[in-house]
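Participant: File follows, data.pdb with PDB, C-alpha atoms:
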```
ATOM      1  CA  MET A  84       8.945  14.104   0.819
ATOM      2  CA  ASP A  85       8.435  15.701   4.200
ATOM      3  CA  TYR A  86       6.811  12.489   5.410
ATOM      4  CA  GLU A  87       8.642  10.438   8.021
ATOM      5  CA  SER A  88       8.418   6.760   7.266
ATOM      6  CA  PRO A  89       7.864   4.292  10.107
ATOM      7  CA  LEU A  90       9.593   1.562   8.079
ATOM      8  CA  LYS A  91      12.631  -0.086   9.624
ATOM      9  CA  SER A  92      14.558  -0.310   6.345
ATOM     10  CA  PRO A  93      14.464   1.700   3.126
ATOM     11  CA  SER A  94      13.898   0.175  -0.279
ATOM     12  CA  PRO A  95      17.225  -0.375  -2.054
ATOM     13  CA  GLN A  96      18.292   1.842  -4.944
ATOM     14  CA  ALA A  97      18.198  -1.303  -7.094
ATOM     15  CA  TRP A  98      14.399  -1.318  -6.734
ATOM     16  CA  THR A  99      14.063   2.226  -8.099
ATOM     17  CA  ASP A 100      16.483   1.415 -10.911
ATOM     18  CA  CYS A 101      14.516  -1.700 -11.834
ATOM     19  CA  VAL A 102      11.234   0.238 -11.944
ATOM     20  CA  LEU A 103      12.673   3.027 -14.081
ATOM     21  CA  GLU A 104      14.125   0.492 -16.532
ATOM     22  CA  ASN A 105      10.776  -1.365 -16.753
ATOM     23  CA  PHE A 106       8.288   1.435 -16.211
ATOM     24  CA  ASP A 107       5.516  -0.058 -18.353
ATOM     25  CA  THR A 108       5.620  -3.241 -16.276
ATOM     26  CA  PHE A 109       5.512  -1.143 -13.115
ATOM     27  CA  LEU A 110       2.473   0.784 -14.354
ATOM     28  CA  LEU A 111       0.559  -2.444 -14.969
ATOM     29  CA  ASP A 112       1.388  -3.656 -11.464
ATOM     30  CA  HIS A 113       0.479  -0.262 -10.011
ATOM     31  CA  ALA A 114      -2.970  -0.465 -11.595
ATOM     32  CA  ALA A 115      -3.504  -3.955 -10.173
ATOM     33  CA  ALA A 116      -2.378  -2.775  -6.712
ATOM     34  CA  GLU A 117      -4.881   0.097  -6.720
ATOM     35  CA  LYS A 118      -7.700  -2.223  -7.757
ATOM     36  CA  LYS A 119      -6.781  -4.739  -5.048
ATOM     37  CA  ALA A 120      -6.568  -1.965  -2.430
ATOM     38  CA  SER A 121     -10.092  -0.870  -3.300
ATOM     39  CA  GLY A 122     -11.297  -4.452  -2.992
ATOM     40  CA  MET A 123      -9.568  -4.839   0.378
ATOM     41  CA  ALA A 124     -11.335  -1.738   1.691
ATOM     42  CA  LEU A 125     -14.717  -3.099   0.569
ATOM     43  CA  SER A 126     -13.887  -6.426   2.193
ATOM     44  CA  MET A 127     -13.314  -4.610   5.488
ATOM     45  CA  VAL A 128     -16.765  -3.018   5.161
ATOM     46  CA  SER A 129     -18.306  -6.452   4.624
ATOM     47  CA  HIS A 130     -16.497  -8.022   7.577
ATOM     48  CA  TYR A 131     -17.050  -5.206  10.084
ATOM     49  CA  PRO A 132     -20.436  -3.595   9.307
ATOM     50  CA  ASP A 133     -20.964  -2.841  13.019
ATOM     51  CA  LYS A 134     -17.915  -0.559  13.248
ATOM     52  CA  ALA A 135     -19.309   2.764  11.994
ATOM     53  CA  ARG A 136     -16.035   4.716  11.731
ATOM     54  CA  LEU A 137     -14.300   1.844   9.951
ATOM     55  CA  VAL A 138     -17.194   1.426   7.495
ATOM     56  CA  LEU A 139     -17.171   5.098   6.488
ATOM     57  CA  ALA A 140     -13.372   5.252   6.294
ATOM     58  CA  MET A 141     -13.170   2.105   4.165
ATOM     59  CA  ALA A 142     -15.996   3.254   1.873
ATOM     60  CA  GLU A 143     -14.088   6.489   1.256
ATOM     61  CA  LEU A 144     -10.821   4.602   0.808
ATOM     62  CA  ALA A 145     -12.378   2.208  -1.724
ATOM     63  CA  VAL A 146     -13.533   5.167  -3.818
ATOM     64  CA  GLU A 147     -10.148   6.910  -3.600
ATOM     65  CA  GLU A 148      -8.285   3.745  -4.607
ATOM     66  CA  MET A 149     -10.617   3.291  -7.602
ATOM     67  CA  VAL A 150      -9.937   6.889  -8.645
ATOM     68  CA  HIS A 151      -6.225   6.076  -8.521
ATOM     69  CA  PHE A 152      -6.891   2.927 -10.547
ATOM     70  CA  ARG A 153      -8.730   4.984 -13.170
ATOM     71  CA  GLU A 154      -5.869   7.492 -13.363
ATOM     72  CA  VAL A 155      -3.261   4.752 -13.795
ATOM     73  CA  VAL A 156      -5.433   3.107 -16.473
ATOM     74  CA  LYS A 157      -5.470   6.410 -18.373
ATOM     75  CA  ILE A 158      -1.659   6.526 -18.259
ATOM     76  CA  ILE A 159      -1.444   2.881 -19.333
ATOM     77  CA  GLN A 160      -3.772   3.381 -22.286
ATOM     78  CA  ALA A 161      -2.008   6.578 -23.351
ATOM     79  CA  ARG A 162       1.175   4.502 -23.593
ATOM     80  CA  GLY A 163      -0.570   1.929 -25.791
ATOM     81  CA  LEU A 164      -0.559  -0.755 -23.094
ATOM     82  CA  THR A 165      -3.297  -3.185 -22.084
ATOM     83  CA  LEU A 166      -4.103  -4.388 -18.583
ATOM     84  CA  GLY A 167      -3.269  -8.005 -17.865
ATOM     85  CA  ALA A 168      -4.672 -10.531 -15.428
ATOM     86  CA  ASP A 169      -3.964  -9.851 -11.774
ATOM     87  CA  GLU A 170      -1.041 -11.771 -10.345
ATOM     88  CA  LYS A 171      -0.321 -12.796  -6.776
ATOM     89  CA  ASP A 172       1.758 -10.229  -4.927
ATOM     90  CA  PRO A 173       4.531 -12.083  -3.052
ATOM     91  CA  TYR A 174       5.088  -9.141  -0.694
ATOM     92  CA  VAL A 175       1.438  -8.813   0.302
ATOM     93  CA  ASN A 176       1.108 -12.593   0.632
ATOM     94  CA  SER A 177       4.139 -12.624   2.929
ATOM     95  CA  ILE A 178       2.716  -9.828   5.092
ATOM     96  CA  ARG A 179      -0.664 -11.585   5.258
ATOM     97  CA  THR A 180       0.966 -14.595   6.945
ATOM     98  CA  LEU A 181       1.038 -12.402  10.059
ATOM     99  CA  LEU A 182      -2.765 -12.387  10.378
ATOM    100  CA  ARG A 183      -3.745 -14.148  13.593
ATOM    101  CA  GLN A 184      -6.942 -16.038  14.268
ATOM    102  CA  GLY A 185      -9.555 -14.700  16.682
ATOM    103  CA  SER A 186     -11.844 -11.834  15.779
ATOM    104  CA  GLU A 187     -10.119  -9.064  17.756
ATOM    105  CA  LEU A 188      -6.576 -10.208  16.919
ATOM    106  CA  TYR A 189      -7.549 -10.558  13.273
ATOM    107  CA  LEU A 190      -9.025  -7.042  13.136
ATOM    108  CA  LEU A 191      -5.929  -5.516  14.748
ATOM    109  CA  ASP A 192      -3.648  -7.410  12.392
ATOM    110  CA  ARG A 193      -5.687  -6.480   9.317
ATOM    111  CA  LEU A 194      -5.475  -2.801  10.220
ATOM    112  CA  LEU A 195      -1.760  -2.859  11.027
ATOM    113  CA  THR A 196      -0.715  -4.983   8.055
ATOM    114  CA  ALA A 197      -2.720  -2.668   5.788
ATOM    115  CA  GLY A 198      -0.912   0.242   7.447
ATOM    116  CA  VAL A 199       2.543  -1.192   6.796
ATOM    117  CA  ILE A 200       1.643  -2.007   3.178
ATOM    118  CA  GLU A 201       0.478   1.588   2.687
ATOM    119  CA  ALA A 202       3.638   2.908   4.375
ATOM    120  CA  ARG A 203       5.817   0.885   1.984
ATOM    121  CA  GLY A 204       3.685   2.121  -0.907
ATOM    122  CA  ALA A 205       4.171   5.737   0.206
ATOM    123  CA  GLU A 206       7.925   5.229   0.449
ATOM    124  CA  ARG A 207       8.184   3.603  -2.967
ATOM    125  CA  PHE A 208       5.889   6.005  -4.780
ATOM    126  CA  GLY A 209       7.993   8.787  -3.251
ATOM    127  CA  LEU A 210      11.157   7.215  -4.647
ATOM    128  CA  ILE A 211       9.558   7.046  -8.099
ATOM    129  CA  ALA A 212       8.321  10.640  -7.870
ATOM    130  CA  LYS A 213      11.811  11.804  -6.912
ATOM    131  CA  ALA A 214      13.469   9.858  -9.748
ATOM    132  CA  LEU A 215      11.131  10.864 -12.567
ATOM    133  CA  PRO A 216      11.857  13.953 -14.665
ATOM    134  CA  GLU A 217       9.633  17.002 -14.247
ATOM    135  CA  GLY A 218       6.269  16.504 -15.888
ATOM    136  CA  GLU A 219       2.837  14.954 -15.481
ATOM    137  CA  LEU A 220       4.087  11.552 -14.288
ATOM    138  CA  LYS A 221       6.225  13.132 -11.565
ATOM    139  CA  THR A 222       3.282  15.275 -10.422
ATOM    140  CA  PHE A 223       1.009  12.221 -10.409
ATOM    141  CA  TYR A 224       3.406  10.148  -8.308
ATOM    142  CA  ARG A 225       3.922  12.999  -5.858
ATOM    143  CA  SER A 226       0.165  13.079  -5.369
ATOM    144  CA  ILE A 227      -0.057   9.293  -4.993
ATOM    145  CA  THR A 228       2.719   9.418  -2.398
ATOM    146  CA  ARG A 229       0.739  11.869  -0.275
ATOM    147  CA  SER A 230      -2.360   9.670  -0.555
ATOM    148  CA  GLU A 231      -0.528   6.529   0.537
ATOM    149  CA  ASP A 232       0.916   8.429   3.484
ATOM    150  CA  ARG A 233      -2.601   9.459   4.562
ATOM    151  CA  HIS A 234      -3.773   5.858   4.160
ATOM    152  CA  PHE A 235      -1.027   4.562   6.439
ATOM    153  CA  GLU A 236      -2.108   7.093   9.081
ATOM    154  CA  LEU A 237      -5.757   6.149   8.538
ATOM    155  CA  PHE A 238      -5.152   2.498   9.386
ATOM    156  CA  LEU A 239      -3.191   3.361  12.526
ATOM    157  CA  GLY A 240      -5.952   5.769  13.528
ATOM    158  CA  LEU A 241      -8.571   3.087  13.073
ATOM    159  CA  ALA A 242      -6.526   0.694  15.191
ATOM    160  CA  ALA A 243      -6.442   3.368  17.926
ATOM    161  CA  GLU A 244     -10.231   3.570  17.734
ATOM    162  CA  TYR A 245     -10.615  -0.069  18.751
ATOM    163  CA  PHE A 246      -7.441  -1.047  20.665
ATOM    164  CA  ALA A 247      -5.225   0.261  23.478
ATOM    165  CA  ALA A 248      -2.071   2.137  22.495
ATOM    166  CA  ASP A 249       0.313  -0.342  24.147
ATOM    167  CA  ILE A 250      -1.263  -3.301  22.349
ATOM    168  CA  ILE A 251      -1.043  -1.451  19.027
ATOM    169  CA  GLU A 252       2.562  -0.383  19.538
ATOM    170  CA  ALA A 253       3.811  -3.849  20.462
ATOM    171  CA  ARG A 254       2.166  -5.494  17.474
ATOM    172  CA  TRP A 255       3.117  -2.606  15.131
ATOM    173  CA  GLN A 256       6.789  -3.073  15.989
ATOM    174  CA  GLU A 257       6.535  -6.830  15.330
ATOM    175  CA  ILE A 258       4.923  -6.184  11.960
ATOM    176  CA  LEU A 259       7.494  -3.522  11.008
ATOM    177  CA  THR A 260      10.339  -5.916  11.843
ATOM    178  CA  PHE A 261       8.775  -8.739   9.832
ATOM    179  CA  GLU A 262       8.096  -6.383   6.909
ATOM    180  CA  SER A 263      11.710  -5.232   6.840
ATOM    181  CA  GLN A 264      12.895  -8.834   6.647
ATOM    182  CA  ALA A 265      10.347  -9.638   3.928
ATOM    183  CA  VAL A 266      11.543  -6.727   1.766
ATOM    184  CA  ALA A 267      15.158  -7.867   2.173
ATOM    185  CA  GLU A 268      14.352 -11.471   1.202
ATOM    186  CA  LEU A 269      11.981 -10.954  -1.726
ATOM    187  CA  PRO A 270      13.406 -10.494  -5.225
ATOM    188  CA  ILE A 271      13.545  -6.997  -6.673
ATOM    189  CA  ARG A 272      11.033  -6.572  -9.478
ATOM    190  CA  ALA A 273       9.333  -3.780 -11.412
ATOM    191  CA  ALA A 274       6.347  -3.820  -9.094
ATOM    192  CA  LEU A 275       5.143  -1.720  -6.201
ATOM    193  CA  HIS A 276       5.987  -4.514  -3.763
TER     194      HIS A 276
END
```
How does the structure come out when it is put into structure tokens?

Facilitator:
Amino acid sequence: MDYESPLKSPSPQAWTDCVLENFDTFLLDHAAAEKKASGMALSMVSHYPDKARLVLAMAELAVEEMVHFREVVKIIQARGLTLGADEKDPYVNSIRTLLRQGSELYLLDRLLTAGVIEARGAERFGLIAKALPEGELKTFYRSITRSEDRHFELFLGLAAEYFAADIIEARWQEILTFESQAVAELPIRAALH
């Protein structure tokens, strides 16, 4: 990809290998992640109805994530698989421990943690796209990679709408450092995170 990741550490090759060896499991997790991302965007709309740019951006994001969910469901069903119950995502739960109390701090942290999650998603979808053989799945994951990259930029742009650049940068670096440590400590599994 021509996209430059802000992440402080790359995903290990062992993660890509694990996903390729357990691709059906990965697809099921991918579907759940898209559904949860849509729900998160709608939650932001509910919590910040007074922030016009955020509301429109999150409404559009919720729709895009549901389109991705639908596309992954089509792939899953074509492979004869069935969706399962959603499971807790240890990576996302770890990142969410960074959310601070206080309305302004909480908003900044929600935007930046969503940004880092999307950045990791872009990186990992890119690794999958690169590793897959030519065909529809590779094309699909290339497209998803570009979307996740845009989403990461969207969240940083929204933060810039409501907060000063120096405040954003300081907190962004803290979150990136924490995220890098979280990725190193969590077990490798056939899941997006």

Participant: Write out as CSV the residues of region 85-186 of chain A that have any atom within 10 Å of an atom of region 241-253 of chain A, one row each with the nearest atom pair and its distance in Å to one decimal, counting only C-alpha atoms, sorted by chain and then rising number.

Facilitator:
```
residue,atom,partner,partner_atom,distance
A:Lys134,CA,A:Tyr245,CA,9.2
A:Arg136,CA,A:Leu241,CA,7.8
A:Leu137,CA,A:Leu241,CA,6.6
A:Ala140,CA,A:Leu241,CA,8.6
```

Participant: If we count all atoms listed in the file and set the cut-off at 7 Å, which residues sit around region 208-210 of chain A, ignoring sequence neighbours fewer than 4 positions away in its own chain? Please answer as a list in words.

Facilitator: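 The residues that qualify are Met84, Thr99, Gly204, Ala214, Tyr224, Arg225, Ile227 and Thr228 of chain A.
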
Participant: Which is closest to His276 (chain A) among A:Leu166, A:Val156, A:Leu194, A:Val199, if we use only C-alpha atoms?

Facilitator: A:Val199

Participant: Can you tell me how far CA of Glu201 (chain A) sits from CA of Leu237 (chain A), in Å to one decimal?

Facilitator: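 For CA of Glu201 (chain A) relative to CA of Leu237 (chain A), the distance reads 9.7 Å.
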
Participant: I need the residue nearest Leu190 (chain A) from this list: A:Leu275, A:Leu110, A:Val102, A:Met127. Use only C-alpha atoms for the distance.

Facilitator: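 Nearest candidate to Leu190 (chain A) out of A:Leu275, A:Leu110, A:Val102, A:Met127: A:Met127.
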
Participant: I'd like to know which of A:Arg207, A:Asp112, A:Asp107, A:Ala97 is closest to Gln160 (chain A), using only C-alpha atoms.

Facilitator: A:Asp107

Participant: Would you pick out the contacts of Ile200 (chain A) at 12 Å or less, using all atoms listed in the file, so that residues sharing its chain but fewer than 4 positions from it are not included, and give the list as an MDAnalysis selection string?

Facilitator: chainID A and resid 88:90 116 120 123 172 174:179 192:196 204:207 231:232 234:236 238:239 258:259 261:263 265:266 275:276

Participant: Could you give me, as a PyMOL selection string, the residues within 7 Å of region 143-154 of chain A, counting all atoms listed in the file and dropping anything in the same chain fewer than 6 positions from it?

Facilitator: chain A and resi 114+117-118+120-122+124-125

Participant: So which one's closest to Arg162 (chain A), A:Thr222, A:Thr108, A:Gln256, A:Ser92? Using all atoms listed in the file, please.

Facilitator: A:Thr108

Participant: Take CA of Ile159 (chain A) and CA of Leu111 (chain A) and report the distance between them in Å, one decimal.

Facilitator: 7.2 Å

Participant: If you measure from CA of Leu182 (chain A) to CA of Val128 (chain A), what distance in Å do you get, rounded to one decimal?

Facilitator: 17.6 Å

Participant: Using the chain letters and numbers from this file, what does the PyMOL selection byres ((chain A and resi 272) around 9) select? Give the answer as JSON, numbers by chain.

Facilitator: {"A": [98, 101, 102, 105, 109, 269, 270, 271, 273, 274, 275, 276]}

Participant: Taking all atoms listed in the file into account, name the residue in A:Ile158, A:Ala267, A:Ala135, A:Ile211 that is nearest to Leu103 (chain A).

Facilitator: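 Closest candidate: A:Ile211.
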